[in-house]
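The file my_file-v1.cif comes next; it holds mmCIF, C-alpha atoms.
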data_work
loop_
_atom_site.group_PDB
_atom_site.id
_atom_site.type_symbol
_atom_site.label_atom_id
_atom_site.label_comp_id
_atom_site.auth_asym_id
_atom_site.auth_seq_id
_atom_site.Cartn_x
_atom_site.Cartn_y
_atom_site.Cartn_z
ATOM 1 C CA MET A 236 31.627 -34.660 85.138
ATOM 2 C CA THR A 237 32.344 -37.322 82.496
ATOM 3 C CA ARG A 238 29.080 -36.525 80.715
ATOM 4 C CA SER A 239 29.881 -32.803 80.529
ATOM 5 C CA ILE A 240 33.276 -33.587 78.978
ATOM 6 C CA GLU A 241 31.976 -36.161 76.497
ATOM 7 C CA GLU A 242 29.144 -34.026 75.099
ATOM 8 C CA PRO A 243 31.376 -31.226 73.723
ATOM 9 C CA ARG A 244 33.823 -33.861 72.471
ATOM 10 C CA ASN A 245 31.062 -35.672 70.601
ATOM 11 C CA ALA A 246 29.776 -32.387 69.195
ATOM 12 C CA ARG A 247 33.261 -31.545 67.918
ATOM 13 C CA SER A 248 33.551 -34.992 66.360
ATOM 14 C CA ARG A 249 30.222 -34.569 64.534
ATOM 15 C CA ARG A 250 31.278 -31.156 63.248
ATOM 16 C CA SER A 251 34.608 -32.536 62.054
ATOM 17 C CA ARG A 252 32.905 -35.436 60.304
ATOM 18 C CA ALA A 253 30.446 -33.086 58.612
ATOM 19 C CA ALA A 254 33.298 -30.821 57.489
ATOM 20 C CA LEU A 255 35.066 -33.793 55.876
ATOM 21 C CA LEU A 256 31.910 -34.905 54.084
ATOM 22 C CA ARG A 257 31.293 -31.346 52.914
ATOM 23 C CA ALA A 258 34.849 -31.226 51.569
ATOM 24 C CA ALA A 259 34.321 -34.553 49.793
ATOM 25 C CA ARG A 260 31.113 -33.301 48.187
ATOM 26 C CA GLU A 261 32.856 -30.151 46.934
ATOM 27 C CA LEU A 262 35.684 -32.184 45.428
ATOM 28 C CA VAL A 263 33.301 -34.588 43.687
ATOM 29 C CA GLU A 264 31.306 -31.699 42.246
ATOM 30 C CA GLU A 265 34.355 -29.734 41.114
ATOM 31 C CA HIS A 266 36.819 -32.420 40.040
ATOM 32 C CA GLY A 267 35.018 -35.776 39.931
ATOM 33 C CA MET A 268 35.280 -38.983 41.890
ATOM 34 C CA ALA A 269 38.796 -39.900 40.802
ATOM 35 C CA ALA A 270 40.178 -36.722 42.371
ATOM 36 C CA THR A 271 38.349 -37.318 45.637
ATOM 37 C CA THR A 272 41.072 -39.106 47.555
ATOM 38 C CA MET A 273 41.575 -39.182 51.302
ATOM 39 C CA ALA A 274 44.551 -36.842 50.876
ATOM 40 C CA ALA A 275 42.527 -34.404 48.774
ATOM 41 C CA VAL A 276 39.698 -34.400 51.296
ATOM 42 C CA ALA A 277 42.172 -33.735 54.088
ATOM 43 C CA GLU A 278 43.710 -30.841 52.179
ATOM 44 C CA ARG A 279 40.315 -29.308 51.312
ATOM 45 C CA ALA A 280 39.155 -29.600 54.925
ATOM 46 C CA GLY A 281 42.455 -28.258 56.278
ATOM 47 C CA VAL A 282 43.296 -31.321 58.356
ATOM 48 C CA SER A 283 45.801 -34.152 58.257
ATOM 49 C CA ARG A 284 45.188 -37.445 56.464
ATOM 50 C CA ARG A 285 45.304 -39.098 59.864
ATOM 51 C CA ALA A 286 42.359 -36.960 60.935
ATOM 52 C CA VAL A 287 40.352 -38.210 57.980
ATOM 53 C CA TYR A 288 41.115 -41.823 58.870
ATOM 54 C CA LEU A 289 39.969 -41.195 62.428
ATOM 55 C CA HIS A 290 36.468 -40.691 61.019
ATOM 56 C CA PHE A 291 36.493 -42.974 57.969
ATOM 57 C CA ALA A 292 38.352 -46.271 57.868
ATOM 58 C CA SER A 293 38.647 -46.146 54.066
ATOM 59 C CA ARG A 294 37.772 -44.122 50.995
ATOM 60 C CA ALA A 295 34.969 -46.614 50.340
ATOM 61 C CA GLU A 296 33.416 -45.777 53.707
ATOM 62 C CA LEU A 297 33.783 -42.055 53.053
ATOM 63 C CA ILE A 298 32.071 -42.270 49.656
ATOM 64 C CA SER A 299 29.352 -44.514 51.062
ATOM 65 C CA GLU A 300 28.553 -42.024 53.805
ATOM 66 C CA LEU A 301 28.663 -39.171 51.305
ATOM 67 C CA PHE A 302 25.382 -40.515 49.861
ATOM 68 C CA ASP A 303 23.673 -40.293 53.248
ATOM 69 C CA TYR A 304 25.253 -36.899 53.931
ATOM 70 C CA VAL A 305 23.958 -35.333 50.714
ATOM 71 C CA ASN A 306 20.479 -36.747 51.302
ATOM 72 C CA GLU A 307 20.500 -35.437 54.864
ATOM 73 C CA VAL A 308 21.753 -31.964 53.924
ATOM 74 C CA GLU A 309 19.227 -31.705 51.103
ATOM 75 C CA ASP A 310 16.495 -33.144 53.359
ATOM 76 C CA ILE A 311 15.384 -35.787 50.872
ATOM 77 C CA GLU A 312 12.824 -37.252 53.280
ATOM 78 C CA GLY A 313 11.242 -33.893 54.039
ATOM 79 C CA ARG A 314 11.446 -32.754 50.426
ATOM 80 C CA PHE A 315 9.574 -35.799 49.124
ATOM 81 C CA ALA A 316 7.188 -36.253 52.074
ATOM 82 C CA PRO A 317 4.348 -34.419 50.242
ATOM 83 C CA VAL A 318 4.520 -37.096 47.538
ATOM 84 C CA SER A 319 3.638 -39.965 49.854
ATOM 85 C CA ASP A 320 1.156 -37.733 51.717
ATOM 86 C CA ALA A 321 -0.755 -36.856 48.521
ATOM 87 C CA PRO A 322 -4.482 -37.664 48.642
ATOM 88 C CA ASP A 323 -4.415 -39.568 45.349
ATOM 89 C CA ALA A 324 -1.985 -41.089 42.860
ATOM 90 C CA VAL A 325 -2.285 -38.339 40.240
ATOM 91 C CA THR A 326 -1.492 -35.636 42.778
ATOM 92 C CA ALA A 327 1.436 -37.744 44.014
ATOM 93 C CA LEU A 328 2.817 -37.986 40.474
ATOM 94 C CA ASP A 329 2.506 -34.229 40.006
ATOM 95 C CA ARG A 330 4.221 -33.478 43.306
ATOM 96 C CA PHE A 331 6.955 -35.966 42.532
ATOM 97 C CA ALA A 332 7.798 -34.252 39.229
ATOM 98 C CA ARG A 333 8.121 -30.857 40.886
ATOM 99 C CA ARG A 334 10.045 -32.062 43.926
ATOM 100 C CA HIS A 335 12.396 -34.124 41.797
ATOM 101 C CA ALA A 336 13.277 -31.131 39.608
ATOM 102 C CA GLU A 337 14.123 -29.021 42.644
ATOM 103 C CA PHE A 338 16.138 -31.836 44.208
ATOM 104 C CA MET A 339 18.109 -32.395 41.004
ATOM 105 C CA ARG A 340 18.919 -28.708 40.772
ATOM 106 C CA ARG A 341 20.740 -29.084 44.071
ATOM 107 C CA VAL A 342 22.432 -32.480 43.618
ATOM 108 C CA LEU A 343 22.982 -32.782 39.863
ATOM 109 C CA ALA A 344 26.687 -31.926 39.956
ATOM 110 C CA VAL A 345 27.600 -34.650 42.433
ATOM 111 C CA SER A 346 25.152 -37.136 40.915
ATOM 112 C CA ARG A 347 26.608 -36.693 37.422
ATOM 113 C CA ALA A 348 30.161 -37.001 38.745
ATOM 114 C CA VAL A 349 29.365 -40.287 40.468
ATOM 115 C CA GLU A 350 27.495 -41.641 37.439
ATOM 116 C CA ARG A 351 30.316 -40.779 35.019
ATOM 117 C CA GLU A 352 32.914 -42.695 36.994
ATOM 118 C CA ALA A 353 30.809 -45.602 38.239
ATOM 119 C CA GLY A 354 32.256 -47.910 35.595
ATOM 120 C CA ASP A 355 35.863 -47.275 36.614
ATOM 121 C CA ASP A 356 35.688 -46.500 40.329
ATOM 122 C CA PRO A 357 34.346 -49.263 42.627
ATOM 123 C CA ASP A 358 33.418 -46.742 45.340
ATOM 124 C CA ALA A 359 31.512 -44.627 42.823
ATOM 125 C CA GLU A 360 29.849 -47.768 41.476
ATOM 126 C CA ARG A 361 28.540 -48.740 44.907
ATOM 127 C CA HIS A 362 27.317 -45.197 45.515
ATOM 128 C CA TRP A 363 25.577 -45.063 42.128
ATOM 129 C CA ALA A 364 23.965 -48.480 42.594
ATOM 130 C CA THR A 365 22.456 -47.293 45.877
ATOM 131 C CA ALA A 366 21.144 -44.100 44.271
ATOM 132 C CA MET A 367 19.593 -46.020 41.382
ATOM 133 C CA TYR A 368 17.993 -48.514 43.748
ATOM 134 C CA TRP A 369 16.185 -45.759 45.613
ATOM 135 C CA ARG A 370 15.134 -44.026 42.382
ATOM 136 C CA TYR A 371 13.710 -47.277 41.074
ATOM 137 C CA GLU A 372 11.828 -48.084 44.289
ATOM 138 C CA THR A 373 10.363 -44.567 44.456
ATOM 139 C CA ASN A 374 9.248 -44.755 40.834
ATOM 140 C CA ARG A 375 7.718 -48.184 41.294
ATOM 141 C CA ALA A 376 5.748 -47.045 44.327
ATOM 142 C CA LEU A 377 4.226 -44.256 42.233
ATOM 143 C CA MET A 378 3.254 -46.598 39.409
ATOM 144 C CA GLU A 379 1.867 -49.202 41.776
ATOM 145 C CA ARG A 380 -0.325 -46.522 43.317
ATOM 146 C CA LEU A 381 -1.589 -45.391 39.903
ATOM 147 C CA ASP A 382 -2.374 -49.022 39.070
ATOM 148 C CA ARG A 383 -3.995 -49.693 42.442
ATOM 149 C CA GLU A 384 -6.271 -46.663 42.053
ATOM 150 C CA GLY A 385 -7.199 -47.729 38.514
ATOM 151 C CA VAL A 386 -5.765 -44.693 36.730
ATOM 152 C CA LEU A 387 -2.638 -46.119 35.084
ATOM 153 C CA ALA A 388 -2.974 -45.369 31.364
ATOM 154 C CA PRO A 389 -3.699 -48.254 28.956
ATOM 155 C CA GLY A 390 -0.647 -49.818 27.360
ATOM 156 C CA TRP A 391 1.485 -49.600 30.487
ATOM 157 C CA THR A 392 2.279 -52.190 33.106
ATOM 158 C CA VAL A 393 3.759 -51.247 36.453
ATOM 159 C CA ASP A 394 7.104 -52.616 35.232
ATOM 160 C CA THR A 395 7.232 -50.765 31.921
ATOM 161 C CA ALA A 396 5.942 -47.521 33.417
ATOM 162 C CA THR A 397 8.531 -47.711 36.192
ATOM 163 C CA ASP A 398 11.337 -48.230 33.689
ATOM 164 C CA MET A 399 10.154 -45.351 31.513
ATOM 165 C CA LEU A 400 9.899 -42.988 34.466
ATOM 166 C CA LEU A 401 13.417 -43.993 35.476
ATOM 167 C CA ALA A 402 14.611 -42.901 32.032
ATOM 168 C CA LEU A 403 12.648 -39.643 32.111
ATOM 169 C CA ILE A 404 14.174 -38.541 35.415
ATOM 170 C CA SER A 405 17.720 -39.557 34.456
ATOM 171 C CA ASN A 406 20.650 -37.250 35.100
ATOM 172 C CA SER A 407 21.083 -36.648 31.382
ATOM 173 C CA VAL A 408 17.524 -35.332 31.020
ATOM 174 C CA SER A 409 17.936 -33.098 34.073
ATOM 175 C CA GLU A 410 21.263 -31.824 32.766
ATOM 176 C CA THR A 411 19.785 -31.059 29.341
ATOM 177 C CA LEU A 412 16.997 -28.976 30.841
ATOM 178 C CA LEU A 413 18.620 -27.381 33.891
ATOM 179 C CA VAL A 414 22.116 -26.820 32.505
ATOM 180 C CA ASN A 415 22.200 -26.943 28.723
ATOM 181 C CA ARG A 416 18.846 -25.256 28.129
ATOM 182 C CA GLY A 417 18.911 -23.061 31.215
ATOM 183 C CA TRP A 418 15.494 -24.022 32.550
ATOM 184 C CA THR A 419 14.657 -23.178 36.142
ATOM 185 C CA ALA A 420 13.703 -25.994 38.504
ATOM 186 C CA GLU A 421 10.166 -24.582 38.482
ATOM 187 C CA GLN A 422 9.959 -24.817 34.682
ATOM 188 C CA ALA A 423 11.394 -28.317 34.640
ATOM 189 C CA GLY A 424 9.038 -29.489 37.371
ATOM 190 C CA GLU A 425 5.954 -27.950 35.775
ATOM 191 C CA HIS A 426 6.605 -29.427 32.352
ATOM 192 C CA MET A 427 7.699 -32.792 33.684
ATOM 193 C CA ALA A 428 4.437 -32.943 35.639
ATOM 194 C CA LEU A 429 2.523 -32.288 32.413
ATOM 195 C CA LEU A 430 4.505 -34.978 30.602
ATOM 196 C CA LEU A 431 4.045 -37.598 33.313
ATOM 197 C CA ARG A 432 0.327 -36.955 33.597
ATOM 198 C CA SER A 433 -0.204 -37.209 29.824
ATOM 199 C CA ALA A 434 1.941 -40.336 29.562
ATOM 200 C CA PHE A 435 0.904 -42.371 32.577
ATOM 201 C CA VAL A 436 -2.570 -41.255 33.669
ATOM 202 C CA ALA A 437 -5.671 -42.658 31.976
ATOM 203 C CA GLN A 438 -7.663 -39.919 30.283
ATOM 204 C CA GLY A 439 -11.388 -39.479 30.775
#

Rewrite the structure of this file - the entire thing - as structure tokens.
Amino acid sequence: MTRSIEEPRNARSRRSRAALLRAARELVEEHGMAATTMAAVAERAGVSRRAVYLHFASRAELISELFDYVNEVEDIEGRFAPVSDAPDAVTALDRFARRHAEFMRRVLAVSRAVEREAGDDPDAERHWATAMYWRYETNRALMERLDREGVLAPGWTVDTATDMLLALISNSVSETLLVNRGWTAEQAGEHMALLLRSAFVAQG
């Protein structure tokens, strides 16, 4: 009997938590991090502030879990799985460029909002530091694979190539192409793949 009562209760709790995180994402995208307070999240989700605190002990915890929520909703692991499954480093680089463009099309608004306010908002700063850590590690894995397979272009080290790739996939570049210039994610991915191959892959 206890199990049958607890299961619906847990399901309701998960739905409520997801609704709060969805509300937080909408607020960040529409109004920025500064406007994403516990009270604002409660109002957007149509619940009391107390209800928000039942799920998140603090705004810092809410913002921290927002990172995981966005990655889960956008299926970051599944979206980038073909990169690590690629048969060779050059194919992995190509797949990465295309998958990254599609991913940024979906998360750019929240990513830009967090980046803009990272210097003034400690919760945003922690969130942004985590995002940048994973970008860096993903980029480095690609460059290490190119180097390991002997196809990293002359003039680059793993370190310098990783740093350059980090710059090339920055939010500002994605915003220029996807927003300011109106490129589709397919266009951005195709041309980024061309750029990365010409820059980082040894020719001949």

> Pick the closest to Trp418 (chain A) from A:Ala336, A:Val263, A:Leu400, A:Ala364: which is it, counting all atoms listed in the file?
Replying inline: A:Ala336

The PyMOL selection byres ((chain A and resi 280) around 7) applied to the shown file, residues as a JSON list (two decimals) with C-alpha atoms, in the frame of the given file:
[["chain", "number", "residue", "atom", "x", "y", "z"],
["A", 254, "ALA", "CA", 33.30, -30.82, 57.49],
["A", 255, "LEU", "CA", 35.07, -33.79, 55.88],
["A", 258, "ALA", "CA", 34.85, -31.23, 51.57],
["A", 276, "VAL", "CA", 39.70, -34.40, 51.30],
["A", 277, "ALA", "CA", 42.17, -33.74, 54.09],
["A", 278, "GLU", "CA", 43.71, -30.84, 52.18],
["A", 279, "ARG", "CA", 40.32, -29.31, 51.31],
["A", 281, "GLY", "CA", 42.46, -28.26, 56.28],
["A", 282, "VAL", "CA", 43.30, -31.32, 58.36]]

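CA of Ala316 (chain A) is found 17.6 Å from CA of Leu381 (chain A).
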
>> What would the selection look like, as a PyMOL selection string, if the PyMOL selection byres ((chain A and resi 348) around 10) were run on the coordinates I just shared?
In response: chain A and resi 262-269+343-347+349-353+359+363

For the residues selected in the previous step, produce a file with C-alpha atoms as a compact mmCIF listing (two decimals), keeping the file's coordinate frame.
# COMPACT_ATOMS: atom_id res chain seq x y z
CA LEU A 262 35.68 -32.18 45.43
CA VAL A 263 33.30 -34.59 43.69
CA GLU A 264 31.31 -31.70 42.25
CA GLU A 265 34.35 -29.73 41.11
CA HIS A 266 36.82 -32.42 40.04
CA GLY A 267 35.02 -35.78 39.93
CA MET A 268 35.28 -38.98 41.89
CA ALA A 269 38.80 -39.90 40.80
CA LEU A 343 22.98 -32.78 39.86
CA ALA A 344 26.69 -31.93 39.96
CA VAL A 345 27.60 -34.65 42.43
CA SER A 346 25.15 -37.14 40.92
CA ARG A 347 26.61 -36.69 37.42
CA VAL A 349 29.36 -40.29 40.47
CA GLU A 350 27.50 -41.64 37.44
CA ARG A 351 30.32 -40.78 35.02
CA GLU A 352 32.91 -42.70 36.99
CA ALA A 353 30.81 -45.60 38.24
CA ALA A 359 31.51 -44.63 42.82
CA TRP A 363 25.58 -45.06 42.13

Find the residues with any atom within 12 Å of (26.7, -41.9, 53.6); use only C-alpha atoms and the coordinates as given in the file, and write the answer as a PDB file with C-alpha atoms, in the frame of the given file.
ATOM      1  CA  ARG A 252      32.905 -35.436  60.304  1.00  0.00           C
ATOM      2  CA  ALA A 253      30.446 -33.086  58.612  1.00  0.00           C
ATOM      3  CA  LEU A 255      35.066 -33.793  55.876  1.00  0.00           C
ATOM      4  CA  LEU A 256      31.910 -34.905  54.084  1.00  0.00           C
ATOM      5  CA  ARG A 257      31.293 -31.346  52.914  1.00  0.00           C
ATOM      6  CA  ALA A 259      34.321 -34.553  49.793  1.00  0.00           C
ATOM      7  CA  ARG A 260      31.113 -33.301  48.187  1.00  0.00           C
ATOM      8  CA  PHE A 291      36.493 -42.974  57.969  1.00  0.00           C
ATOM      9  CA  ARG A 294      37.772 -44.122  50.995  1.00  0.00           C
ATOM     10  CA  ALA A 295      34.969 -46.614  50.340  1.00  0.00           C
ATOM     11  CA  GLU A 296      33.416 -45.777  53.707  1.00  0.00           C
ATOM     12  CA  LEU A 297      33.783 -42.055  53.053  1.00  0.00           C
ATOM     13  CA  ILE A 298      32.071 -42.270  49.656  1.00  0.00           C
ATOM     14  CA  SER A 299      29.352 -44.514  51.062  1.00  0.00           C
ATOM     15  CA  GLU A 300      28.553 -42.024  53.805  1.00  0.00           C
ATOM     16  CA  LEU A 301      28.663 -39.171  51.305  1.00  0.00           C
ATOM     17  CA  PHE A 302      25.382 -40.515  49.861  1.00  0.00           C
ATOM     18  CA  ASP A 303      23.673 -40.293  53.248  1.00  0.00           C
ATOM     19  CA  TYR A 304      25.253 -36.899  53.931  1.00  0.00           C
ATOM     20  CA  VAL A 305      23.958 -35.333  50.714  1.00  0.00           C
ATOM     21  CA  ASN A 306      20.479 -36.747  51.302  1.00  0.00           C
ATOM     22  CA  GLU A 307      20.500 -35.437  54.864  1.00  0.00           C
ATOM     23  CA  VAL A 308      21.753 -31.964  53.924  1.00  0.00           C
ATOM     24  CA  ASP A 358      33.418 -46.742  45.340  1.00  0.00           C
ATOM     25  CA  ARG A 361      28.540 -48.740  44.907  1.00  0.00           C
ATOM     26  CA  HIS A 362      27.317 -45.197  45.515  1.00  0.00           C
ATOM     27  CA  TRP A 363      25.577 -45.063  42.128  1.00  0.00           C
ATOM     28  CA  THR A 365      22.456 -47.293  45.877  1.00  0.00           C
ATOM     29  CA  ALA A 366      21.144 -44.100  44.271  1.00  0.00           C
TER      30      ALA A 366
END

>> Please compute the CA of Val342 (chain A)-CA of Glu309 (chain A) distance, one decimal, in Å.
In response: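 Atom-to-atom, CA of Val342 (chain A) and CA of Glu309 (chain A) are spaced 8.2 Å apart.
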
Could you tell me which residues the PyMOL selection byres ((chain A and resi 333) around 8) returns for this structure, as a PDB file with C-alpha atoms, keeping the file's coordinate frame?
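Saved as part35.pdb:
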ATOM      1  CA  ASP A 329       2.506 -34.229  40.006  1.00  0.00           C
ATOM      2  CA  ARG A 330       4.221 -33.478  43.306  1.00  0.00           C
ATOM      3  CA  PHE A 331       6.955 -35.966  42.532  1.00  0.00           C
ATOM      4  CA  ALA A 332       7.798 -34.252  39.229  1.00  0.00           C
ATOM      5  CA  ARG A 334      10.045 -32.062  43.926  1.00  0.00           C
ATOM      6  CA  HIS A 335      12.396 -34.124  41.797  1.00  0.00           C
ATOM      7  CA  ALA A 336      13.277 -31.131  39.608  1.00  0.00           C
ATOM      8  CA  GLU A 337      14.123 -29.021  42.644  1.00  0.00           C
ATOM      9  CA  ALA A 420      13.703 -25.994  38.504  1.00  0.00           C
ATOM     10  CA  GLU A 421      10.166 -24.582  38.482  1.00  0.00           C
ATOM     11  CA  ALA A 423      11.394 -28.317  34.640  1.00  0.00           C
ATOM     12  CA  GLY A 424       9.038 -29.489  37.371  1.00  0.00           C
ATOM     13  CA  GLU A 425       5.954 -27.950  35.775  1.00  0.00           C
ATOM     14  CA  MET A 427       7.699 -32.792  33.684  1.00  0.00           C
ATOM     15  CA  ALA A 428       4.437 -32.943  35.639  1.00  0.00           C
TER      16      ALA A 428
END

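Among the candidate residues A:Ala270, A:Leu430, A:Ala275, A:Leu377, the one lying nearest to Asp394 (chain A) is A:Leu377, with distances computed using all atoms listed in the file.
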
>> Which residue is closest to Gln422 (chain A)? Choose from A:Ala402, A:Ser283, A:Pro317, A:Arg340 and count all atoms listed in the file.
In response: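 Looking only at the distances to Gln422 (chain A), the closest residue turns out to be A:Arg340.
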
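Shortest atom-to-atom contact with Tyr368 (chain A) among A:Val386, A:Leu401, A:Arg380, A:Trp391: A:Leu401, counting only C-alpha atoms.
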
> To one decimal place, how far is CA of Ala321 (chain A) from CA of Gly390 (chain A) in Å?
Replying inline: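 Atom-to-atom, CA of Ala321 (chain A) to CA of Gly390 (chain A), that is 24.8 Å.
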
> Which polymer residues have any atom within 12 Å of an atom of Ser433 (chain A), counting all atoms listed in the file, with same-chain residues fewer than 2 positions away left out, as a list in words?
Replying inline: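 Within the cut-off, the hits are Val325, Leu328, Asp329, Val386, Leu387, Ala388, Pro389, His426, Met427, Ala428, Leu429, Leu430, Leu431, Phe435, Val436, Ala437, Gln438 and Gly439 of chain A.
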
> Which residues come within 9 Å of Val393 (chain A), counting only C-alpha atoms, excluding same-chain residues fewer than 4 positions away, as number ranges by chain?
Replying inline: A: 375, 378-379, 381-382, 387, 397-398

> From the list A:Asp323, A:Met273, A:Ala292, A:Ala246, which residue is nearest Gly385 (chain A) when using only C-alpha atoms?
Replying inline: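 The closest residue to Gly385 (chain A) is A:Asp323.
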